[in-house]
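For reference, entry-v6.cif (mmCIF, C-alpha atoms (C1' of nucleotides)):
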data_start
#
loop_
_atom_site.group_PDB
_atom_site.id
_atom_site.type_symbol
_atom_site.label_atom_id
_atom_site.label_comp_id
_atom_site.auth_asym_id
_atom_site.auth_seq_id
_atom_site.Cartn_x
_atom_site.Cartn_y
_atom_site.Cartn_z
ATOM 1 C CA MET A 60 -9.224 -8.080 29.219
ATOM 2 C CA LYS A 61 -5.978 -7.891 27.291
ATOM 3 C CA LEU A 62 -5.485 -10.338 24.434
ATOM 4 C CA GLY A 63 -2.539 -11.396 22.315
ATOM 5 C CA ASN A 64 -2.606 -11.336 18.590
ATOM 6 C CA LEU A 65 -3.642 -14.894 17.952
ATOM 7 C CA GLN A 66 -6.031 -14.803 20.866
ATOM 8 C CA LEU A 67 -7.705 -11.853 19.272
ATOM 9 C CA ARG A 68 -8.004 -13.585 15.926
ATOM 10 C CA ILE A 69 -9.499 -16.609 17.629
ATOM 11 C CA MET A 70 -11.991 -14.403 19.447
ATOM 12 C CA ARG A 71 -12.867 -12.705 16.203
ATOM 13 C CA SER A 72 -13.763 -16.032 14.688
ATOM 14 C CA LEU A 73 -15.924 -16.772 17.709
ATOM 15 C CA TRP A 74 -17.603 -13.391 17.624
ATOM 16 C CA GLU A 75 -18.492 -13.876 13.999
ATOM 17 C CA ARG A 76 -19.679 -17.426 14.333
ATOM 18 C CA GLY A 77 -21.259 -17.176 17.760
ATOM 19 C CA GLU A 78 -20.154 -20.731 18.379
ATOM 20 C CA ALA A 79 -17.291 -22.664 16.850
ATOM 21 C CA THR A 80 -15.080 -25.703 17.205
ATOM 22 C CA ALA A 81 -11.302 -25.519 17.344
ATOM 23 C CA ARG A 82 -11.253 -26.959 13.856
ATOM 24 C CA GLN A 83 -13.550 -24.292 12.462
ATOM 25 C CA ILE A 84 -11.474 -21.586 14.057
ATOM 26 C CA THR A 85 -8.307 -23.116 12.647
ATOM 27 C CA ASP A 86 -9.922 -22.996 9.222
ATOM 28 C CA ASP A 87 -10.857 -19.360 9.731
ATOM 29 C CA LEU A 88 -7.257 -18.580 10.580
ATOM 30 C CA SER A 89 -5.874 -20.329 7.529
ATOM 31 C CA GLY A 90 -6.599 -17.267 5.449
ATOM 32 C CA GLY A 91 -4.025 -15.164 7.275
ATOM 33 C CA VAL A 92 -1.092 -16.510 9.235
ATOM 34 C CA PRO A 93 -2.128 -20.132 9.746
ATOM 35 C CA SER A 94 -1.898 -22.014 13.019
ATOM 36 C CA THR A 95 -2.175 -25.698 13.707
ATOM 37 C CA LEU A 96 -5.238 -27.174 15.318
ATOM 38 C CA SER A 97 -3.099 -28.041 18.313
ATOM 39 C CA THR A 98 -2.054 -24.453 18.843
ATOM 40 C CA VAL A 99 -5.600 -23.223 18.553
ATOM 41 C CA GLN A 100 -6.749 -25.787 21.084
ATOM 42 C CA THR A 101 -4.052 -24.712 23.522
ATOM 43 C CA LEU A 102 -4.999 -21.081 23.217
ATOM 44 C CA LEU A 103 -8.672 -21.850 23.596
ATOM 45 C CA ARG A 104 -7.845 -23.494 26.894
ATOM 46 C CA LYS A 105 -5.892 -20.493 28.000
ATOM 47 C CA LEU A 106 -8.722 -18.229 26.926
ATOM 48 C CA GLU A 107 -11.109 -20.361 28.921
ATOM 49 C CA THR A 108 -8.894 -20.116 32.005
ATOM 50 C CA LYS A 109 -8.995 -16.364 31.592
ATOM 51 C CA GLY A 110 -12.751 -16.395 31.329
ATOM 52 C CA ALA A 111 -12.855 -15.168 27.746
ATOM 53 C CA VAL A 112 -14.653 -18.226 26.383
ATOM 54 C CA ARG A 113 -16.539 -21.237 27.587
ATOM 55 C CA HIS A 114 -17.125 -24.576 25.966
ATOM 56 C CA GLU A 115 -19.824 -27.106 25.806
ATOM 57 C CA GLN A 116 -19.251 -30.670 24.788
ATOM 58 C CA ARG A 117 -21.530 -32.385 22.333
ATOM 59 C CA GLU A 118 -20.642 -35.888 21.260
ATOM 60 C CA ARG A 119 -16.916 -35.833 21.278
ATOM 61 C CA THR A 120 -16.399 -32.244 20.281
ATOM 62 C CA PHE A 121 -16.007 -28.983 22.181
ATOM 63 C CA TYR A 122 -18.117 -26.093 21.005
ATOM 64 C CA PHE A 123 -16.762 -22.764 22.129
ATOM 65 C CA ARG A 124 -18.594 -19.528 22.728
ATOM 66 C CA PRO A 125 -17.246 -16.087 23.554
ATOM 67 C CA LEU A 126 -17.883 -14.749 27.046
ATOM 68 C CA ILE A 127 -16.544 -11.287 26.423
ATOM 69 C CA LYS A 128 -17.744 -8.683 23.956
ATOM 70 C CA GLU A 129 -15.744 -7.463 21.012
ATOM 71 C CA GLN A 130 -16.633 -3.882 21.826
ATOM 72 C CA ASP A 131 -15.367 -4.228 25.372
ATOM 73 C CA VAL A 132 -12.059 -5.678 24.263
ATOM 74 C CA ALA A 133 -11.597 -2.969 21.669
ATOM 75 C CA ARG A 134 -12.596 -0.211 24.048
ATOM 76 C CA SER A 135 -10.207 -1.286 26.747
ATOM 77 C CA ALA A 136 -7.378 -1.667 24.241
ATOM 78 C CA ALA A 137 -8.038 1.863 23.003
ATOM 79 C CA GLN A 138 -8.178 3.305 26.497
ATOM 80 C CA ASP A 139 -5.017 1.455 27.375
ATOM 81 C CA LEU A 140 -3.139 2.904 24.427
ATOM 82 C CA LEU A 141 -4.429 6.380 25.126
ATOM 83 C CA ALA A 142 -3.348 6.253 28.732
ATOM 84 C CA ARG A 143 -0.114 4.321 28.434
ATOM 85 C CA VAL A 144 1.317 5.888 25.312
ATOM 86 C CA TYR A 145 -0.438 9.225 24.902
ATOM 87 C CA ASP A 146 -0.863 10.260 28.495
ATOM 88 C CA ASN A 147 -4.566 10.564 27.733
ATOM 89 C CA SER A 148 -4.040 13.176 25.076
ATOM 90 C CA LEU A 149 -6.752 12.484 22.544
ATOM 91 C CA SER A 150 -5.429 15.094 20.170
ATOM 92 C CA GLY A 151 -1.968 13.579 20.343
ATOM 93 C CA LEU A 152 -3.310 10.227 19.332
ATOM 94 C CA LEU A 153 -5.575 11.565 16.639
ATOM 95 C CA ALA A 154 -2.782 13.635 15.172
ATOM 96 C CA HIS A 155 -0.831 10.459 14.572
ATOM 97 C CA LEU A 156 -3.775 8.586 13.183
ATOM 98 C CA LEU A 157 -4.523 11.339 10.721
ATOM 99 C CA GLU A 158 -0.985 11.263 9.384
ATOM 100 C CA ASP A 159 -1.851 8.120 7.515
ATOM 101 C CA GLU A 160 -2.224 9.085 3.857
ATOM 102 C CA THR A 161 -4.768 6.373 3.190
ATOM 103 C CA VAL A 162 -7.468 8.003 5.306
ATOM 104 C CA SER A 163 -10.477 8.429 3.034
ATOM 105 C CA ALA A 164 -12.726 11.439 2.705
ATOM 106 C CA GLU A 165 -15.589 9.318 3.971
ATOM 107 C CA GLU A 166 -13.712 8.386 7.107
ATOM 108 C CA LEU A 167 -12.963 12.040 7.712
ATOM 109 C CA ARG A 168 -16.595 12.942 7.296
ATOM 110 C CA ASP A 169 -17.633 10.157 9.663
ATOM 111 C CA ILE A 170 -15.279 11.064 12.428
ATOM 112 C CA LYS A 171 -16.115 14.724 12.104
ATOM 113 C CA GLN A 172 -19.723 13.841 12.650
ATOM 114 C CA LEU A 173 -18.784 11.786 15.684
ATOM 115 C CA ILE A 174 -17.083 14.793 17.153
ATOM 116 C CA GLU A 175 -19.955 17.108 16.404
ATOM 117 C CA ALA A 176 -22.363 14.689 18.006
ATOM 118 C CA ARG A 177 -20.135 14.594 21.035
ATOM 119 C CA GLU A 178 -20.034 18.371 21.159
ATOM 120 C CA ARG A 179 -23.800 18.470 21.259
ATOM 121 C CA GLU A 180 -23.772 16.028 24.169
ATOM 122 C CA MET A 181 -21.284 18.281 25.858
ATOM 123 C CA THR A 182 -23.594 21.206 26.509
ATOM 124 C CA LYS A 183 -26.230 19.052 28.109
ATOM 125 C CA MET B 143 9.428 -1.080 17.989
ATOM 126 C CA LYS B 144 6.997 -2.507 20.513
ATOM 127 C CA LEU B 145 7.653 -1.799 24.169
ATOM 128 C CA GLY B 146 6.301 -3.158 27.435
ATOM 129 C CA ASN B 147 4.894 -0.966 30.110
ATOM 130 C CA LEU B 148 7.968 -0.506 32.201
ATOM 131 C CA GLN B 149 10.139 -0.255 29.118
ATOM 132 C CA LEU B 150 7.977 2.608 27.971
ATOM 133 C CA ARG B 151 8.251 4.376 31.286
ATOM 134 C CA ILE B 152 11.995 3.986 31.207
ATOM 135 C CA MET B 153 12.112 5.382 27.690
ATOM 136 C CA ARG B 154 9.950 8.280 28.756
ATOM 137 C CA SER B 155 12.452 9.171 31.420
ATOM 138 C CA LEU B 156 15.206 9.017 28.824
ATOM 139 C CA TRP B 157 13.270 11.095 26.347
ATOM 140 C CA GLU B 158 12.717 13.770 28.922
ATOM 141 C CA ARG B 159 16.233 13.796 30.236
ATOM 142 C CA GLY B 160 18.087 13.157 27.023
ATOM 143 C CA GLU B 161 20.617 11.189 29.010
ATOM 144 C CA ALA B 162 20.212 9.391 32.295
ATOM 145 C CA THR B 163 21.717 6.806 34.609
ATOM 146 C CA ALA B 164 19.826 3.764 35.829
ATOM 147 C CA ARG B 165 19.628 5.426 39.204
ATOM 148 C CA GLN B 166 18.078 8.595 37.846
ATOM 149 C CA ILE B 167 15.542 6.580 35.916
ATOM 150 C CA THR B 168 14.714 4.560 39.002
ATOM 151 C CA ASP B 169 14.081 7.809 40.824
ATOM 152 C CA ASP B 170 11.827 9.017 38.037
ATOM 153 C CA LEU B 171 9.823 5.813 38.325
ATOM 154 C CA SER B 172 9.428 6.102 42.063
ATOM 155 C CA GLY B 173 6.531 8.489 41.570
ATOM 156 C CA GLY B 174 4.331 5.833 40.006
ATOM 157 C CA VAL B 175 4.750 2.106 40.452
ATOM 158 C CA PRO B 176 8.313 1.898 41.730
ATOM 159 C CA SER B 177 10.921 -0.551 40.506
ATOM 160 C CA THR B 178 14.247 -1.481 42.006
ATOM 161 C CA LEU B 179 17.482 -0.262 40.525
ATOM 162 C CA SER B 180 18.282 -3.840 39.640
ATOM 163 C CA THR B 181 15.142 -4.248 37.594
ATOM 164 C CA VAL B 182 15.736 -1.010 35.764
ATOM 165 C CA GLN B 183 19.279 -2.058 34.967
ATOM 166 C CA THR B 184 18.080 -5.364 33.595
ATOM 167 C CA LEU B 185 15.527 -3.706 31.382
ATOM 168 C CA LEU B 186 18.032 -1.149 30.162
ATOM 169 C CA ARG B 187 20.192 -4.026 29.020
ATOM 170 C CA LYS B 188 17.293 -5.602 27.214
ATOM 171 C CA LEU B 189 16.435 -2.263 25.637
ATOM 172 C CA GLU B 190 20.013 -1.936 24.508
ATOM 173 C CA THR B 191 19.918 -5.399 22.952
ATOM 174 C CA LYS B 192 16.817 -4.329 21.070
ATOM 175 C CA GLY B 193 18.534 -1.190 19.866
ATOM 176 C CA ALA B 194 16.253 1.184 21.748
ATOM 177 C CA VAL B 195 19.011 2.755 23.796
ATOM 178 C CA ARG B 196 22.770 2.951 23.919
ATOM 179 C CA HIS B 197 25.090 3.656 26.804
ATOM 180 C CA GLU B 198 28.337 5.381 27.364
ATOM 181 C CA GLN B 199 30.516 4.787 30.366
ATOM 182 C CA ARG B 200 32.014 7.675 32.270
ATOM 183 C CA GLU B 201 33.978 6.884 35.392
ATOM 184 C CA ARG B 202 32.183 3.894 36.731
ATOM 185 C CA THR B 203 28.703 4.758 35.616
ATOM 186 C CA PHE B 204 26.634 4.026 32.516
ATOM 187 C CA TYR B 205 24.898 6.975 30.928
ATOM 188 C CA PHE B 206 22.031 5.926 28.712
ATOM 189 C CA ARG B 207 20.542 7.717 25.745
ATOM 190 C CA PRO B 208 17.485 6.868 23.688
ATOM 191 C CA LEU B 209 18.030 5.673 20.138
ATOM 192 C CA ILE B 210 14.395 5.667 19.121
ATOM 193 C CA LYS B 211 11.968 8.567 18.995
ATOM 194 C CA GLU B 212 8.963 8.918 21.203
ATOM 195 C CA GLN B 213 6.826 9.933 18.263
ATOM 196 C CA ASP B 214 7.818 6.833 16.312
ATOM 197 C CA VAL B 215 6.990 4.523 19.187
ATOM 198 C CA ALA B 216 3.648 6.194 19.748
ATOM 199 C CA ARG B 217 2.808 6.234 16.076
ATOM 200 C CA SER B 218 3.527 2.560 15.577
ATOM 201 C CA ALA B 219 1.563 1.652 18.691
ATOM 202 C CA ALA B 220 -1.397 3.615 17.372
ATOM 203 C CA GLN B 221 -1.182 2.058 13.942
ATOM 204 C CA ASP B 222 -0.874 -1.363 15.496
ATOM 205 C CA LEU B 223 -4.015 -0.895 17.557
ATOM 206 C CA LEU B 224 -5.928 0.494 14.615
ATOM 207 C CA ALA B 225 -4.999 -2.436 12.402
ATOM 208 C CA ARG B 226 -5.107 -5.258 14.922
ATOM 209 C CA VAL B 227 -8.182 -4.312 16.870
ATOM 210 C CA TYR B 228 -10.180 -1.973 14.656
ATOM 211 C CA ASP B 229 -9.486 -3.425 11.252
ATOM 212 C CA ASN B 230 -8.259 0.033 10.290
ATOM 213 C CA SER B 231 -11.580 1.681 10.990
ATOM 214 C CA LEU B 232 -10.675 5.116 12.261
ATOM 215 C CA SER B 233 -14.273 5.961 13.026
ATOM 216 C CA GLY B 234 -14.644 2.762 15.036
ATOM 217 C CA LEU B 235 -11.686 3.693 17.169
ATOM 218 C CA LEU B 236 -12.684 7.301 17.582
ATOM 219 C CA ALA B 237 -16.203 6.323 18.538
ATOM 220 C CA HIS B 238 -14.796 4.419 21.483
ATOM 221 C CA LEU B 239 -12.418 7.160 22.470
ATOM 222 C CA LEU B 240 -15.194 9.719 22.498
ATOM 223 C CA GLU B 241 -17.279 7.603 24.842
ATOM 224 C CA ASP B 242 -15.053 8.673 27.671
ATOM 225 C CA GLU B 243 -16.975 11.210 29.702
ATOM 226 C CA THR B 244 -13.875 13.029 30.779
ATOM 227 C CA VAL B 245 -13.118 14.376 27.324
ATOM 228 C CA SER B 246 -12.903 18.119 27.664
ATOM 229 C CA ALA B 247 -14.379 20.772 25.408
ATOM 230 C CA GLU B 248 -10.874 21.920 24.593
ATOM 231 C CA GLU B 249 -9.844 18.468 23.471
ATOM 232 C CA LEU B 250 -12.899 18.301 21.276
ATOM 233 C CA ARG B 251 -12.087 21.645 19.739
ATOM 234 C CA ASP B 252 -8.491 20.561 19.154
ATOM 235 C CA ILE B 253 -9.299 17.318 17.460
ATOM 236 C CA LYS B 254 -11.974 18.961 15.354
ATOM 237 C CA GLN B 255 -9.365 21.364 14.099
ATOM 238 C CA LEU B 256 -7.043 18.475 13.339
ATOM 239 C CA ILE B 257 -9.706 16.934 11.190
ATOM 240 C CA GLU B 258 -10.508 20.158 9.414
ATOM 241 C CA ALA B 259 -6.850 20.694 8.673
ATOM 242 C CA ARG B 260 -6.680 17.189 7.308
ATOM 243 C CA GLU B 261 -9.730 17.852 5.138
ATOM 244 C CA ARG B 262 -8.026 20.828 3.633
ATOM 245 C CA GLU B 263 -5.009 18.687 2.832
ATOM 246 C CA MET B 264 -7.351 16.235 1.246
ATOM 247 C CA THR B 265 -8.411 18.367 -1.709
ATOM 248 C CA LYS B 266 -4.850 19.124 -2.710
ATOM 249 C "C1'" DG C 38 -13.019 -56.298 13.053
ATOM 250 C "C1'" DA C 39 -9.031 -53.709 11.531
ATOM 251 C "C1'" DA C 40 -7.477 -49.489 9.753
ATOM 252 C "C1'" DT C 41 -7.980 -44.643 9.429
ATOM 253 C "C1'" DG C 42 -9.246 -40.292 10.977
ATOM 254 C "C1'" DT C 43 -10.433 -36.968 14.377
ATOM 255 C "C1'" DA C 44 -10.780 -35.195 19.066
ATOM 256 C "C1'" DA C 45 -9.003 -33.844 23.473
ATOM 257 C "C1'" DT C 46 -5.134 -34.058 26.599
ATOM 258 C "C1'" DT C 47 -0.463 -34.039 27.971
ATOM 259 C "C1'" DT C 48 3.853 -32.393 27.668
ATOM 260 C "C1'" DA C 49 7.442 -29.534 26.322
ATOM 261 C "C1'" DC C 50 9.512 -25.962 24.271
ATOM 262 C "C1'" DC C 51 10.757 -20.707 23.092
ATOM 263 C "C1'" DA C 52 10.437 -15.606 23.468
ATOM 264 C "C1'" DT C 53 9.474 -11.535 25.923
ATOM 265 C "C1'" DG C 54 8.579 -8.658 29.861
ATOM 266 C "C1'" DG C 55 9.213 -8.118 34.397
ATOM 267 C "C1'" DT C 56 11.141 -9.050 39.112
ATOM 268 C "C1'" DA C 57 15.014 -8.988 41.949
ATOM 269 C "C1'" DA C 58 18.636 -11.162 45.005
ATOM 270 C "C1'" DA C 59 23.524 -12.195 45.106
ATOM 271 C "C1'" DT C 60 28.093 -11.143 43.895
ATOM 272 C "C1'" DG C 61 32.036 -8.541 42.860
ATOM 273 C "C1'" DA C 62 34.477 -4.421 42.212
ATOM 274 C "C1'" DA C 63 35.364 0.258 42.880
ATOM 275 C "C1'" DA C 64 34.617 4.719 44.992
ATOM 276 C "C1'" DA C 65 33.341 7.525 49.003
ATOM 277 C "C1'" DA C 66 32.821 8.273 53.808
ATOM 278 C "C1'" DT C 67 34.329 7.641 58.365
ATOM 279 C "C1'" DA D 287 42.636 2.040 56.674
ATOM 280 C "C1'" DT D 288 38.393 0.146 57.282
ATOM 281 C "C1'" DT D 289 33.571 0.484 56.534
ATOM 282 C "C1'" DT D 290 29.870 1.738 53.739
ATOM 283 C "C1'" DT D 291 27.877 2.911 49.604
ATOM 284 C "C1'" DT D 292 27.232 2.466 44.806
ATOM 285 C "C1'" DC D 293 27.791 0.576 40.592
ATOM 286 C "C1'" DA D 294 27.639 -3.333 36.989
ATOM 287 C "C1'" DT D 295 27.211 -8.173 36.313
ATOM 288 C "C1'" DT D 296 25.477 -12.674 37.030
ATOM 289 C "C1'" DT D 297 21.995 -15.606 37.922
ATOM 290 C "C1'" DA D 298 17.511 -17.108 38.606
ATOM 291 C "C1'" DC D 299 12.878 -16.871 38.838
ATOM 292 C "C1'" DC D 300 7.682 -16.105 37.175
ATOM 293 C "C1'" DA D 301 3.916 -14.995 33.877
ATOM 294 C "C1'" DT D 302 2.060 -14.795 29.388
ATOM 295 C "C1'" DG D 303 1.678 -15.719 24.547
ATOM 296 C "C1'" DG D 304 2.669 -18.694 21.146
ATOM 297 C "C1'" DT D 305 4.242 -23.133 18.953
ATOM 298 C "C1'" DA D 306 3.390 -27.801 18.321
ATOM 299 C "C1'" DA D 307 4.566 -32.907 18.702
ATOM 300 C "C1'" DA D 308 3.141 -37.019 21.148
ATOM 301 C "C1'" DT D 309 -0.305 -39.590 23.255
ATOM 302 C "C1'" DT D 310 -4.758 -41.367 24.153
ATOM 303 C "C1'" DA D 311 -9.455 -42.204 23.249
ATOM 304 C "C1'" DC D 312 -13.204 -42.611 20.414
ATOM 305 C "C1'" DA D 313 -15.717 -42.790 15.739
ATOM 306 C "C1'" DT D 314 -15.971 -43.856 11.047
ATOM 307 C "C1'" DT D 315 -14.838 -46.380 7.165
ATOM 308 C "C1'" DC D 316 -13.265 -50.278 4.647
#

Write-out of the structure in structure tokens:
Amino acid sequence: MKLGNLQLRIMRSLWERGEATARQITDDLSGGVPSTLSTVQTLLRKLETKGAVRHEQRERTFYFRPLIKEQDVARSAAQDLLARVYDNSLSGLLAHLLEDETVSAEELRDIKQLIEAREREMTK
Amino acid sequence: MKLGNLQLRIMRSLWERGEATARQITDDLSGGVPSTLSTVQTLLRKLETKGAVRHEQRERTFYFRPLIKEQDVARSAAQDLLARVYDNSLSGLLAHLLEDETVSAEELRDIKQLIEAREREMTK
DNA sequence: GAATGTAATTTACCATGGTAAATGAAAAAT
DNA sequence: ATTTTTCATTTACCATGGTAAATTACATTC
């Protein structure tokens, strides 16, 4: 499942809240680039058509829930980038990511450990 | 500069060739998902409007050249993914990338070396 | 009960990426 | 010289993401 920018931010609100109304999501968005309630409602419909969310009506109001997992969306976006842009060259991608000066020592330690863990899985 | 899928494939042909006609690019594309000459011409125009390519006419034919660098496009796509989807968590992204079973031992070795090199830069 | 507020729904744009046929003009082949 | 090929250009779609006003329907408040 491929999502646009605002779609992703809407999903993020839903993933955090578990369930949310269009109004609540609109409020969540107001911190960054704000969108009107109307826009959020439109996108929620489109997300529902795509099968990314579902809604349940209580009283007059729609309560939305995510149907797709954050991890799955992220994973497929990462795989897509790797394939489309880097021709599946992991080292090519990582080389670019490591160029960023703001990478912390902790991050480096963490990802090194990820790789070492993966190496251990390798031999099995 | 953000490029669509076909736009990227067209650029890739241009990056490899240095200079190419719409026809040559169309031929290059015929290996994967093919596109008609007409479509390629249309997209080349749009790429030119965006400033991604320029053309030069010789005889009757347009010869296109890339104006943007492959590395820059890749880099910005990677940064965009990292920020938009992973909230700038490098380890989060790498964790997903390493889940792919088809990662080779060589790739692992390569990226480990990238990280170690980056660690050495760190202390400076 | 009338006014106000709050929902969903409808409708209508715009931009971008992609698709390609149709047309016209020029070069190449016959 | 006529036909065929090969370009560029024009035109016209479609899908998706995003934007939002206008409308309608229902609650809440005064």

Exercise. Counting all atoms listed in the file, which of A:Lys128, A:Lys171, A:Ala136, A:Gly91 gets nearest to Leu232 of chain B?
Worked result: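 Of A:Lys128, A:Lys171, A:Ala136, A:Gly91, the one nearest Leu232 of chain B, counting all atoms listed in the file, is A:Lys171.
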
Problem set entry | Result set of the PyMOL selection byres ((chain A) within 7 of (chain D)) on the coordinates above, as a PyMOL selection string | chain A and resi 63+97-98

For this session: Output the contact residues of chain C with respect to chain B at a cut-off of 10 Å, based on all atoms listed in the file, as a list in words.
Result: DT53, DG54, DG55, DT56, DA57, DA58, DA63 and DA64 of chain C

Exercise. Could you state the separation of atom CA of Gln138 of chain A and atom CA of Met264 of chain B in Å, given to one decimal place?
Worked result: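 Interatomic distance, atom CA of Gln138 of chain A to atom CA of Met264 of chain B: 28.4 Å.
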
For this session: Please evaluate the PyMOL selection byres ((chain A) within 6 of (chain B)) against the structure above and give the resulting residues as number ranges by chain.
Result: A: 134, 150, 155, 170

For this session: For the file shown, report as a ChimeraX atom specification the outcome of the PyMOL selection byres ((chain A and resi 87) around 12) at residue level.
Result: /A:65,68-76,79-86,88-96,99

Slice of the block: segment 299-315 of chain D, N, CA, C and O atoms (P, O5', C5', C4', C3', O3' and C1' of nucleotides), as a tab-separated table (two decimals), in the first residue's frame:
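Wrote it out as selection.tsv, contents follow:
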chain	number	residue	atom	x	y	z
D	299	DC	P	-11.34	14.30	-24.47
D	299	DC	O5'	-11.42	12.99	-23.59
D	299	DC	C5'	-10.64	12.91	-22.40
D	299	DC	C4'	-9.91	11.62	-22.36
D	299	DC	C3'	-9.94	10.99	-20.98
D	299	DC	O3'	-10.76	9.84	-21.02
D	299	DC	C1'	-7.67	11.22	-21.76
D	300	DC	P	-11.60	9.45	-19.78
D	300	DC	O5'	-10.47	8.86	-18.80
D	300	DC	C5'	-9.76	7.70	-19.18
D	300	DC	C4'	-8.75	7.36	-18.09
D	300	DC	C3'	-9.35	7.52	-16.69
D	300	DC	O3'	-9.20	6.30	-15.98
D	300	DC	C1'	-7.28	8.69	-16.88
D	301	DA	P	-9.80	6.19	-14.51
D	301	DA	O5'	-8.45	6.43	-13.67
D	301	DA	C5'	-7.30	5.65	-13.96
D	301	DA	C4'	-6.25	5.90	-12.89
D	301	DA	C3'	-6.85	5.99	-11.49
D	301	DA	O3'	-6.01	5.27	-10.60
D	301	DA	C1'	-5.72	8.03	-12.04
D	302	DT	P	-6.49	5.15	-9.06
D	302	DT	O5'	-5.59	6.27	-8.37
D	302	DT	C5'	-4.21	6.33	-8.67
D	302	DT	C4'	-3.59	7.50	-7.94
D	302	DT	C3'	-4.14	7.71	-6.52
D	302	DT	O3'	-3.02	7.85	-5.67
D	302	DT	C1'	-4.23	9.73	-7.74
D	303	DG	P	-3.20	7.83	-4.10
D	303	DG	O5'	-2.94	9.36	-3.72
D	303	DG	C5'	-1.70	9.94	-4.07
D	303	DG	C4'	-1.76	11.41	-3.79
D	303	DG	C3'	-2.35	11.78	-2.44
D	303	DG	O3'	-1.40	12.60	-1.77
D	303	DG	C1'	-3.37	13.05	-4.18
D	304	DG	P	-1.66	13.09	-0.29
D	304	DG	O5'	-2.33	14.52	-0.52
D	304	DG	C5'	-1.65	15.46	-1.32
D	304	DG	C4'	-2.57	16.63	-1.62
D	304	DG	C3'	-3.30	17.21	-0.41
D	304	DG	O3'	-2.79	18.51	-0.19
D	304	DG	C1'	-4.68	17.09	-2.34
D	305	DT	P	-3.24	19.32	1.08
D	305	DT	O5'	-4.44	20.22	0.56
D	305	DT	C5'	-4.23	21.11	-0.52
D	305	DT	C4'	-5.54	21.78	-0.88
D	305	DT	C3'	-6.43	22.08	0.33
D	305	DT	O3'	-6.35	23.43	0.70
D	305	DT	C1'	-7.66	21.26	-1.55
D	306	DA	P	-6.96	23.86	2.08
D	306	DA	O5'	-8.50	23.98	1.69
D	306	DA	C5'	-8.82	24.78	0.55
D	306	DA	C4'	-10.27	24.59	0.19
D	306	DA	C3'	-11.24	24.79	1.37
D	306	DA	O3'	-12.14	25.79	1.01
D	306	DA	C1'	-11.85	22.94	0.05
D	307	DA	P	-12.68	26.76	2.09
D	307	DA	O5'	-13.99	27.27	1.34
D	307	DA	C5'	-13.89	27.73	-0.01
D	307	DA	C4'	-15.15	27.34	-0.78
D	307	DA	C3'	-16.45	27.75	-0.10
D	307	DA	O3'	-17.36	28.22	-1.09
D	307	DA	C1'	-16.45	25.42	-0.48
D	308	DA	P	-18.71	28.94	-0.65
D	308	DA	O5'	-19.83	27.83	-0.94
D	308	DA	C5'	-19.76	27.07	-2.16
D	308	DA	C4'	-20.89	26.07	-2.19
D	308	DA	C3'	-22.16	26.50	-1.45
D	308	DA	O3'	-23.29	26.07	-2.22
D	308	DA	C1'	-21.36	24.48	-0.53
D	309	DT	P	-24.79	26.43	-1.78
D	309	DT	O5'	-25.25	25.03	-1.17
D	309	DT	C5'	-25.14	23.86	-1.97
D	309	DT	C4'	-25.51	22.64	-1.16
D	309	DT	C3'	-26.81	22.77	-0.35
D	309	DT	O3'	-27.65	21.69	-0.71
D	309	DT	C1'	-25.08	21.86	0.97
D	310	DT	P	-29.24	21.74	-0.34
D	310	DT	O5'	-29.34	20.54	0.70
D	310	DT	C5'	-28.56	19.36	0.47
D	310	DT	C4'	-28.48	18.56	1.76
D	310	DT	C3'	-29.73	18.64	2.64
D	310	DT	O3'	-30.06	17.33	3.05
D	310	DT	C1'	-27.81	19.10	3.91
D	311	DA	P	-31.50	16.99	3.61
D	311	DA	O5'	-31.16	16.30	5.00
D	311	DA	C5'	-30.01	15.46	5.09
D	311	DA	C4'	-29.57	15.38	6.54
D	311	DA	C3'	-30.72	15.43	7.54
D	311	DA	O3'	-30.55	14.39	8.48
D	311	DA	C1'	-29.07	17.01	8.11
D	312	DC	P	-31.76	13.90	9.34
D	312	DC	O5'	-31.17	14.08	10.82
D	312	DC	C5'	-29.86	13.59	11.08
D	312	DC	C4'	-29.21	14.45	12.14
D	312	DC	C3'	-30.01	14.56	13.45
D	312	DC	O3'	-29.20	14.01	14.46
D	312	DC	C1'	-29.07	16.63	12.81
D	313	DA	P	-29.80	13.32	15.76
D	313	DA	O5'	-28.83	13.96	16.85
D	313	DA	C5'	-28.93	15.34	16.98
D	313	DA	C4'	-27.70	15.88	17.65
D	313	DA	C3'	-28.00	16.22	19.10
D	313	DA	O3'	-26.78	16.34	19.81
D	313	DA	C1'	-27.97	18.18	17.77
D	314	DT	P	-26.78	16.29	21.40
D	314	DT	O5'	-26.45	17.80	21.78
D	314	DT	C5'	-25.47	18.50	21.01
D	314	DT	C4'	-25.53	20.00	21.32
D	314	DT	C3'	-25.96	20.37	22.73
D	314	DT	O3'	-25.07	21.38	23.18
D	314	DT	C1'	-27.28	21.54	21.16
D	315	DT	P	-24.99	21.85	24.66
D	315	DT	O5'	-25.41	23.39	24.52
D	315	DT	C5'	-24.88	24.15	23.42
D	315	DT	C4'	-25.69	25.44	23.25
D	315	DT	C3'	-26.13	26.10	24.55
D	315	DT	O3'	-25.96	27.49	24.41
D	315	DT	C1'	-27.97	25.81	23.15
